[in-house]
Amino acid sequence: MEVSVGEIFRISGPLVVAEGLKARMYDLCKVGEEGLMGEVVGLAGEKVLIQVYEDTSGIRPGEKVVNTGMPLSVDLGPGLIGNIYDGVQRPLPRLKEISGDFISRGIEAPGIDKKKKWDFQPLIKKGDEVKAGQIIGKVQETDVVEHRILVPPNVKGGRVKEVYSGSFTVDETIAVLEDGTELKMAHKWPVRIPRPYIEKLPPVIPLLTGQRILDTFFPIAKGGTAAIPGPFGSGKTVTQHQLAKWSDASIVVYIGCGERGNEMTEVLEEFPELIDPRTGKPLMLRTVLVANTSNMPVAAREASVYTGITIAEYFRDMGYDVALQADSTSRWAEAMRELSGRLEEMPGEEGYPAYLASRLAEFYERAGRVKTLSGEIGSVSVVGAVSPPGGDFSEPVTQNTLRIVKAFWGLDAKLAGRRHFPAINWLISYSLYTNTLAEWYEKNVAADWNELITWAMGVLQEEATLQEIVMLVGSDALPESQRVLLLVARIIREFYLSQYAYHEVDSYCDIKKQYDMLKAIKTLNDWFYKALEAGKTYDEIERVEGLDEFMRSKLEKDYRSAMDKALEKIKKSLGV
């Protein structure tokens, strides 16, 4: 579409109404003399409604509006990894170089460095047939990520006329097809359009997170979706950080969507120093950060999740497993609510737009494990934090999210108040992936893995039932066998479910260690009941020698040795 010029008719916060402008929905526009970036969100007769991604104070009616004729798109190519972007893919380190600590309005910078040269190694030769989405070469982007160069999905393909190798910038031609199409290392893709693939595959491989309560009781599959709702201070952001740090995805995309600036600062400062347990190299070497804090323009917040998921889909198309963390979708929904109000749309429940559910579904549906256009298997797993006001899970964003996602990790303020972290309530949380992943766990961890999980969850549920009686009459009134069950449940909670995010050893727990810990608790359970049958009292069992050492063994680097010593001491003390 050709470039069109109009002028500002009316301004309402981030919403600008233009007239005399030829436009289509979602066209990218430059608004005012400073050329502020905006996107067409409505067409009303001769008027064009534009949401502006920057502060609109100071612009006046009559100033020009230029329609670029292109939708909001992101640059995809070498240079994404390790970068920190705002909501519309402007690299924040580059913006700081241009304008200092405070970003000037109307400032522009390409999403990837257009001057840097990359060593391109072609995987095709002259005369080969190439198709849309095919991998045609590779670039070593970081020490741990091989960037695979793709034919853009919207290019038809054909026979290769020329192909080059050597050092090139992302805008230089690396191959020419017989029909004259020039292929480059980078291409653009509209953020609101999902990238195509051949087929979606069933979720049968878990995304291992290193967090015991998630991997054990409420697993998420690669290509799966999960939500973490919880009140203020219950640990949503720290849990998201843990998933970004330790999940076994090849690439991590972290979207700080409307979060407090100090929390985003913590991520930006911490991630470059974190060592990846899989590679021994800095975690930033396989991470992309999208930072849109609560004091940044509200319209860009709405775009930030689309920017993040498009980048995630791009790496998925290379055959990588990508973990995307969105923190938080509630702030995204609030941005939609504000813009909907400016557009004078009919409000839905609690003032949110009527299309809230469909927008949330559109976002989460872009997750999945797929067969890509190049024939590779890749996945995008999406975990969204939800911040319900006052911890009320019945509010619209939480409820609409729960209809879409298949894993629900409900955070509990009472658990957080008791300093039990992660404060995920095992009685209200669930995962619909448990059955589909059962076979993988049996094959790759242990044949009795699923039996152990069922047993442990049964103990926790029985404990919840007994707690009601304990609150009325006290634990001393219970039969000794039930008091032993409460002791075992306490060990599961304190030894297994509680995990210290900032502890050098306990921050990450691999799946083998998880099995060893759970198996040890089951062994203790069997010994306790055997001792009870042999005439030991509950008080003797509770005060058994070695139990304290057992509880501390998970914090030791050589946990297996510490755990075995403690178990030997307990066994001897119980006489079983």
# chains A, B, ... in the order shown; residues from 1 in each chain; ligands from 1
$ residues_around --residues "stretch 174-189 of chain A" --least-positions-apart "5" --cutoff "6 Å" --atoms "only C-alpha atoms" --output "ChimeraX atom specification"
/A:73-77,149,159-164
$ write_last_selection --atoms "N, CA, C and O atoms" --output "PDB file, in the first residue's frame"
ATOM      1  N   SER A  73       5.503  -4.742  12.746  1.00  0.00           N
ATOM      2  CA  SER A  73       6.282  -5.954  12.491  1.00  0.00           C
ATOM      3  C   SER A  73       7.566  -5.920  13.309  1.00  0.00           C
ATOM      4  O   SER A  73       8.004  -4.863  13.766  1.00  0.00           O
ATOM      5  N   VAL A  74       8.164  -7.097  13.491  1.00  0.00           N
ATOM      6  CA  VAL A  74       9.448  -7.168  14.201  1.00  0.00           C
ATOM      7  C   VAL A  74      10.530  -7.669  13.249  1.00  0.00           C
ATOM      8  O   VAL A  74      10.252  -8.392  12.292  1.00  0.00           O
ATOM      9  N   ASP A  75      11.766  -7.249  13.521  1.00  0.00           N
ATOM     10  CA  ASP A  75      12.924  -7.722  12.757  1.00  0.00           C
ATOM     11  C   ASP A  75      13.356  -9.063  13.327  1.00  0.00           C
ATOM     12  O   ASP A  75      13.575  -9.192  14.535  1.00  0.00           O
ATOM     13  N   LEU A  76      13.482 -10.052  12.464  1.00  0.00           N
ATOM     14  CA  LEU A  76      13.879 -11.391  12.896  1.00  0.00           C
ATOM     15  C   LEU A  76      15.148 -11.797  12.159  1.00  0.00           C
ATOM     16  O   LEU A  76      15.185 -11.823  10.935  1.00  0.00           O
ATOM     17  N   GLY A  77      16.198 -12.084  12.926  1.00  0.00           N
ATOM     18  CA  GLY A  77      17.478 -12.453  12.340  1.00  0.00           C
ATOM     19  C   GLY A  77      18.542 -12.509  13.415  1.00  0.00           C
ATOM     20  O   GLY A  77      18.261 -12.308  14.606  1.00  0.00           O
ATOM     21  N   ILE A 149      19.263 -19.803   9.621  1.00  0.00           N
ATOM     22  CA  ILE A 149      18.690 -18.815   8.700  1.00  0.00           C
ATOM     23  C   ILE A 149      17.567 -19.471   7.894  1.00  0.00           C
ATOM     24  O   ILE A 149      17.761 -20.519   7.277  1.00  0.00           O
ATOM     25  N   ARG A 159      14.120 -22.485  -7.277  1.00  0.00           N
ATOM     26  CA  ARG A 159      15.470 -23.036  -7.480  1.00  0.00           C
ATOM     27  C   ARG A 159      16.525 -21.961  -7.196  1.00  0.00           C
ATOM     28  O   ARG A 159      16.346 -20.792  -7.545  1.00  0.00           O
ATOM     29  N   VAL A 160      17.623 -22.383  -6.540  1.00  0.00           N
ATOM     30  CA  VAL A 160      18.679 -21.442  -6.165  1.00  0.00           C
ATOM     31  C   VAL A 160      19.563 -21.133  -7.380  1.00  0.00           C
ATOM     32  O   VAL A 160      20.096 -22.036  -8.021  1.00  0.00           O
ATOM     33  N   LYS A 161      19.684 -19.827  -7.679  1.00  0.00           N
ATOM     34  CA  LYS A 161      20.540 -19.382  -8.800  1.00  0.00           C
ATOM     35  C   LYS A 161      21.953 -19.100  -8.310  1.00  0.00           C
ATOM     36  O   LYS A 161      22.940 -19.474  -8.950  1.00  0.00           O
ATOM     37  N   GLU A 162      22.061 -18.393  -7.156  1.00  0.00           N
ATOM     38  CA  GLU A 162      23.361 -18.061  -6.567  1.00  0.00           C
ATOM     39  C   GLU A 162      23.263 -18.223  -5.051  1.00  0.00           C
ATOM     40  O   GLU A 162      22.226 -17.946  -4.454  1.00  0.00           O
ATOM     41  N   VAL A 163      24.351 -18.674  -4.416  1.00  0.00           N
ATOM     42  CA  VAL A 163      24.416 -18.706  -2.961  1.00  0.00           C
ATOM     43  C   VAL A 163      25.824 -18.313  -2.537  1.00  0.00           C
ATOM     44  O   VAL A 163      26.793 -18.657  -3.218  1.00  0.00           O
ATOM     45  N   TYR A 164      25.944 -17.551  -1.466  1.00  0.00           N
ATOM     46  CA  TYR A 164      27.245 -17.013  -1.044  1.00  0.00           C
ATOM     47  C   TYR A 164      27.550 -17.481   0.380  1.00  0.00           C
ATOM     48  O   TYR A 164      26.648 -17.782   1.161  1.00  0.00           O
TER      49      TYR A 164
END
$ closest_atom_pairs --of "stretch 151-265 of chain A" --to "stretch 492-505 of chain A" --cutoff "9 Å" --atoms "only C-alpha atoms" --output "JSON lines"
{"residue": "A:Gln211", "atom": "CA", "partner": "A:Gln499", "partner_atom": "CA", "distance": 7.5}
{"residue": "A:Arg212", "atom": "CA", "partner": "A:Leu497", "partner_atom": "CA", "distance": 6.3}
{"residue": "A:Ile213", "atom": "CA", "partner": "A:Leu497", "partner_atom": "CA", "distance": 5.4}
{"residue": "A:Val238", "atom": "CA", "partner": "A:Ala501", "partner_atom": "CA", "distance": 7.7}
{"residue": "A:Thr239", "atom": "CA", "partner": "A:Ala501", "partner_atom": "CA", "distance": 8.2}
{"residue": "A:Gln242", "atom": "CA", "partner": "A:Ala501", "partner_atom": "CA", "distance": 7.1}
$ residues_around --residues "A:Ala385" --least-positions-apart "5" --cutoff "8 Å" --atoms "only C-alpha atoms" --output "list of chain:residue names"
A:Ala227, A:Ile228, A:Pro229, A:Lys236, A:Thr237, A:Gln240, A:Gln325, A:Ala326, A:Asp327, A:Ser328, A:Thr329, A:Ser330
$ residues_around --residues "A:Gly6" --least-positions-apart "4" --cutoff "10 Å" --atoms "only C-alpha atoms" --output "list of chain:residue names"
A:Ala18, A:Glu19, A:Gly20, A:Leu21, A:Lys22, A:Ala23, A:Val31, A:Val48, A:Gly62, A:Glu63, A:Lys64, A:Val65, A:Val66, A:Asn67
$ write_last_selection --atoms "C-alpha atoms" --output "compact mmCIF listing (two decimals), in the first residue's frame"
# COMPACT_ATOMS: atom_id res chain seq x y z
CA ALA A 18 -6.82 11.34 12.21
CA GLU A 19 -8.68 12.49 9.11
CA GLY A 20 -7.77 12.56 5.43
CA LEU A 21 -5.74 9.39 5.87
CA LYS A 22 -6.04 6.23 3.76
CA ALA A 23 -5.51 3.30 6.11
CA VAL A 31 1.99 10.65 14.32
CA VAL A 48 -8.94 6.76 11.50
CA GLY A 62 -3.57 19.74 12.63
CA GLU A 63 -0.18 18.03 12.86
CA LYS A 64 0.47 15.49 10.11
CA VAL A 65 -0.02 11.72 10.33
CA VAL A 66 1.86 9.45 7.91
CA ASN A 67 0.64 5.91 7.20
$ select_by_dssp --residues "stretch 148-237 of chain A" --states "strand (DSSP E or B)" --output "PDB file with C-alpha atoms, in the first residue's frame"
ATOM      1  CA  ARG A 148      19.458 -21.059  11.670  1.00  0.00           C
ATOM      2  CA  ILE A 149      18.690 -18.815   8.700  1.00  0.00           C
ATOM      3  CA  LEU A 150      15.201 -19.388   7.267  1.00  0.00           C
ATOM      4  CA  GLY A 157      10.646 -20.427  -2.822  1.00  0.00           C
ATOM      5  CA  GLY A 158      12.159 -21.921  -5.992  1.00  0.00           C
ATOM      6  CA  ARG A 159      15.470 -23.036  -7.480  1.00  0.00           C
ATOM      7  CA  VAL A 160      18.679 -21.442  -6.165  1.00  0.00           C
ATOM      8  CA  LYS A 161      20.540 -19.382  -8.800  1.00  0.00           C
ATOM      9  CA  GLU A 162      23.361 -18.061  -6.567  1.00  0.00           C
ATOM     10  CA  VAL A 163      24.416 -18.706  -2.961  1.00  0.00           C
ATOM     11  CA  GLY A 166      31.330 -15.478   4.280  1.00  0.00           C
ATOM     12  CA  SER A 167      30.706 -12.437   6.471  1.00  0.00           C
ATOM     13  CA  PHE A 168      27.552 -10.435   5.805  1.00  0.00           C
ATOM     14  CA  THR A 173      21.995 -10.830   0.000  1.00  0.00           C
ATOM     15  CA  ILE A 174      23.121 -14.386   0.828  1.00  0.00           C
ATOM     16  CA  ALA A 175      21.238 -16.206  -1.946  1.00  0.00           C
ATOM     17  CA  VAL A 176      19.313 -15.429  -5.161  1.00  0.00           C
ATOM     18  CA  LEU A 177      16.515 -17.591  -6.593  1.00  0.00           C
ATOM     19  CA  GLU A 182      16.905 -12.167  -2.978  1.00  0.00           C
ATOM     20  CA  LEU A 183      17.253 -13.974   0.367  1.00  0.00           C
ATOM     21  CA  LYS A 184      18.835 -12.206   3.354  1.00  0.00           C
ATOM     22  CA  HIS A 187      13.212 -10.634   7.557  1.00  0.00           C
ATOM     23  CA  LYS A 188      10.205  -8.879   9.076  1.00  0.00           C
ATOM     24  CA  TRP A 189       7.029 -10.509  10.366  1.00  0.00           C
ATOM     25  CA  PRO A 190       3.720  -8.871  11.495  1.00  0.00           C
ATOM     26  CA  GLU A 199       1.024 -29.553  11.988  1.00  0.00           C
ATOM     27  CA  LYS A 200       0.578 -29.293  15.742  1.00  0.00           C
ATOM     28  CA  LEU A 201       1.851 -32.317  17.687  1.00  0.00           C
ATOM     29  CA  PRO A 206       7.479 -32.408  29.777  1.00  0.00           C
ATOM     30  CA  ALA A 221       4.395 -30.121  28.522  1.00  0.00           C
ATOM     31  CA  THR A 225       0.260 -23.389  28.501  1.00  0.00           C
ATOM     32  CA  ALA A 226       0.139 -22.561  32.210  1.00  0.00           C
ATOM     33  CA  ALA A 227      -1.096 -19.720  34.406  1.00  0.00           C
ATOM     34  CA  ILE A 228       0.241 -18.541  37.766  1.00  0.00           C
ATOM     35  CA  PRO A 229      -2.427 -16.416  39.460  1.00  0.00           C
TER      36      PRO A 229
END
$ residues_around --residues "stretch 454-467 of chain A" --least-positions-apart "2" --cutoff "8 Å" --atoms "only C-alpha atoms" --output "PyMOL selection string"
chain A and resi 217+427+450-452+469-471+485-486+488-489+492
$ residues_around --residues "A:Arg560" --least-positions-apart "3" --cutoff "12 Å" --atoms "only C-alpha atoms" --output "list in words"
Lys512, Lys513, Gln514, Tyr515, Asp516, Met517, Lys519, Ala520, Phe550, Arg552, Ser553, Lys554, Leu555, Glu556, Lys557, Met563, Asp564, Lys565, Ala566 and Leu567 of chain A
$ residues_around --residues "stretch 373-378 of chain A" --least-positions-apart "4" --cutoff "9 Å" --atoms "only C-alpha atoms" --output "ChimeraX atom specification"
/A:131-135,150,153,196-199,201,222-223,313,315-322,368-369
$ write_last_selection --atoms "N, CA and C atoms" --output "PDB file, in the first residue's frame"
ATOM      1  N   LYS A 131      12.102 -24.024  -0.243  1.00  0.00           N
ATOM      2  CA  LYS A 131      10.696 -23.698  -0.046  1.00  0.00           C
ATOM      3  C   LYS A 131      10.552 -22.767   1.147  1.00  0.00           C
ATOM      4  N   ALA A 132       9.357 -22.216   1.329  1.00  0.00           N
ATOM      5  CA  ALA A 132       9.077 -21.303   2.441  1.00  0.00           C
ATOM      6  C   ALA A 132       9.387 -21.982   3.773  1.00  0.00           C
ATOM      7  N   GLY A 133      10.083 -21.258   4.661  1.00  0.00           N
ATOM      8  CA  GLY A 133      10.374 -21.777   5.998  1.00  0.00           C
ATOM      9  C   GLY A 133      11.565 -22.690   6.089  1.00  0.00           C
ATOM     10  N   GLN A 134      12.219 -22.996   4.963  1.00  0.00           N
ATOM     11  CA  GLN A 134      13.352 -23.935   4.971  1.00  0.00           C
ATOM     12  C   GLN A 134      14.588 -23.294   5.595  1.00  0.00           C
ATOM     13  N   ILE A 135      15.381 -24.115   6.296  1.00  0.00           N
ATOM     14  CA  ILE A 135      16.665 -23.653   6.840  1.00  0.00           C
ATOM     15  C   ILE A 135      17.696 -23.701   5.706  1.00  0.00           C
ATOM     16  N   LEU A 150      16.392 -18.830   7.899  1.00  0.00           N
ATOM     17  CA  LEU A 150      15.201 -19.388   7.267  1.00  0.00           C
ATOM     18  C   LEU A 150      14.814 -18.620   6.008  1.00  0.00           C
ATOM     19  N   PRO A 153       8.584 -17.288   5.688  1.00  0.00           N
ATOM     20  CA  PRO A 153       7.391 -18.100   5.407  1.00  0.00           C
ATOM     21  C   PRO A 153       6.495 -17.539   4.305  1.00  0.00           C
ATOM     22  N   PRO A 196       3.290 -19.602  10.319  1.00  0.00           N
ATOM     23  CA  PRO A 196       2.706 -20.889   9.906  1.00  0.00           C
ATOM     24  C   PRO A 196       3.596 -22.086  10.239  1.00  0.00           C
ATOM     25  N   TYR A 197       2.975 -23.273  10.294  1.00  0.00           N
ATOM     26  CA  TYR A 197       3.692 -24.528  10.510  1.00  0.00           C
ATOM     27  C   TYR A 197       2.914 -25.635   9.808  1.00  0.00           C
ATOM     28  N   ILE A 198       3.474 -26.842   9.753  1.00  0.00           N
ATOM     29  CA  ILE A 198       2.815 -27.941   9.035  1.00  0.00           C
ATOM     30  C   ILE A 198       1.711 -28.565   9.877  1.00  0.00           C
ATOM     31  N   GLU A 199       2.055 -28.959  11.121  1.00  0.00           N
ATOM     32  CA  GLU A 199       1.024 -29.553  11.988  1.00  0.00           C
ATOM     33  C   GLU A 199       1.396 -29.371  13.452  1.00  0.00           C
ATOM     34  N   LEU A 201       1.622 -30.976  17.155  1.00  0.00           N
ATOM     35  CA  LEU A 201       1.851 -32.317  17.687  1.00  0.00           C
ATOM     36  C   LEU A 201       1.314 -32.442  19.112  1.00  0.00           C
ATOM     37  N   LYS A 222       6.093 -29.535  26.890  1.00  0.00           N
ATOM     38  CA  LYS A 222       6.705 -28.641  25.901  1.00  0.00           C
ATOM     39  C   LYS A 222       5.635 -28.294  24.875  1.00  0.00           C
ATOM     40  N   GLY A 223       5.430 -26.998  24.648  1.00  0.00           N
ATOM     41  CA  GLY A 223       4.331 -26.555  23.798  1.00  0.00           C
ATOM     42  C   GLY A 223       3.048 -26.349  24.573  1.00  0.00           C
ATOM     43  N   GLU A 313       8.105 -17.671  18.332  1.00  0.00           N
ATOM     44  CA  GLU A 313       7.725 -18.516  17.189  1.00  0.00           C
ATOM     45  C   GLU A 313       8.861 -18.614  16.169  1.00  0.00           C
ATOM     46  N   PHE A 315      12.129 -18.607  16.751  1.00  0.00           N
ATOM     47  CA  PHE A 315      13.105 -19.614  17.203  1.00  0.00           C
ATOM     48  C   PHE A 315      12.505 -21.011  17.181  1.00  0.00           C
ATOM     49  N   ARG A 316      11.200 -21.119  17.413  1.00  0.00           N
ATOM     50  CA  ARG A 316      10.519 -22.415  17.271  1.00  0.00           C
ATOM     51  C   ARG A 316      10.676 -22.949  15.847  1.00  0.00           C
ATOM     52  N   ASP A 317      10.560 -22.041  14.861  1.00  0.00           N
ATOM     53  CA  ASP A 317      10.662 -22.456  13.452  1.00  0.00           C
ATOM     54  C   ASP A 317      12.050 -22.983  13.093  1.00  0.00           C
ATOM     55  N   MET A 318      13.051 -22.666  13.919  1.00  0.00           N
ATOM     56  CA  MET A 318      14.397 -23.218  13.699  1.00  0.00           C
ATOM     57  C   MET A 318      14.518 -24.628  14.280  1.00  0.00           C
ATOM     58  N   GLY A 319      13.495 -25.069  15.022  1.00  0.00           N
ATOM     59  CA  GLY A 319      13.540 -26.392  15.652  1.00  0.00           C
ATOM     60  C   GLY A 319      13.924 -26.346  17.111  1.00  0.00           C
ATOM     61  N   TYR A 320      13.839 -25.161  17.737  1.00  0.00           N
ATOM     62  CA  TYR A 320      14.182 -25.029  19.161  1.00  0.00           C
ATOM     63  C   TYR A 320      12.940 -25.143  20.039  1.00  0.00           C
ATOM     64  N   ASP A 321      13.156 -25.562  21.309  1.00  0.00           N
ATOM     65  CA  ASP A 321      12.109 -25.490  22.326  1.00  0.00           C
ATOM     66  C   ASP A 321      12.255 -24.149  23.026  1.00  0.00           C
ATOM     67  N   VAL A 322      11.189 -23.360  23.007  1.00  0.00           N
ATOM     68  CA  VAL A 322      11.228 -22.000  23.554  1.00  0.00           C
ATOM     69  C   VAL A 322      10.290 -21.912  24.755  1.00  0.00           C
ATOM     70  N   GLY A 368       2.515 -24.183  21.464  1.00  0.00           N
ATOM     71  CA  GLY A 368       2.327 -25.503  20.870  1.00  0.00           C
ATOM     72  C   GLY A 368       3.642 -26.137  20.449  1.00  0.00           C
ATOM     73  N   ARG A 369       3.620 -27.446  20.381  1.00  0.00           N
ATOM     74  CA  ARG A 369       4.755 -28.210  19.841  1.00  0.00           C
ATOM     75  C   ARG A 369       4.371 -28.590  18.422  1.00  0.00           C
TER      76      ARG A 369
END
$ select_by_dssp --residues "stretch 10-151 of chain A" --states "helix (DSSP H, G or I)" --output "PyMOL selection string"
chain A and resi 92-99
$ closest_residue --among "A:Ala300, A:Ala423, A:Leu92, A:Val204" --to "A:Phe232" --atoms "only C-alpha atoms"
A:Ala423
$ closest_residue --among "A:Ser387, A:Thr287, A:Thr436, A:Ser394" --to "A:Leu411" --atoms "only C-alpha atoms"
A:Ser387
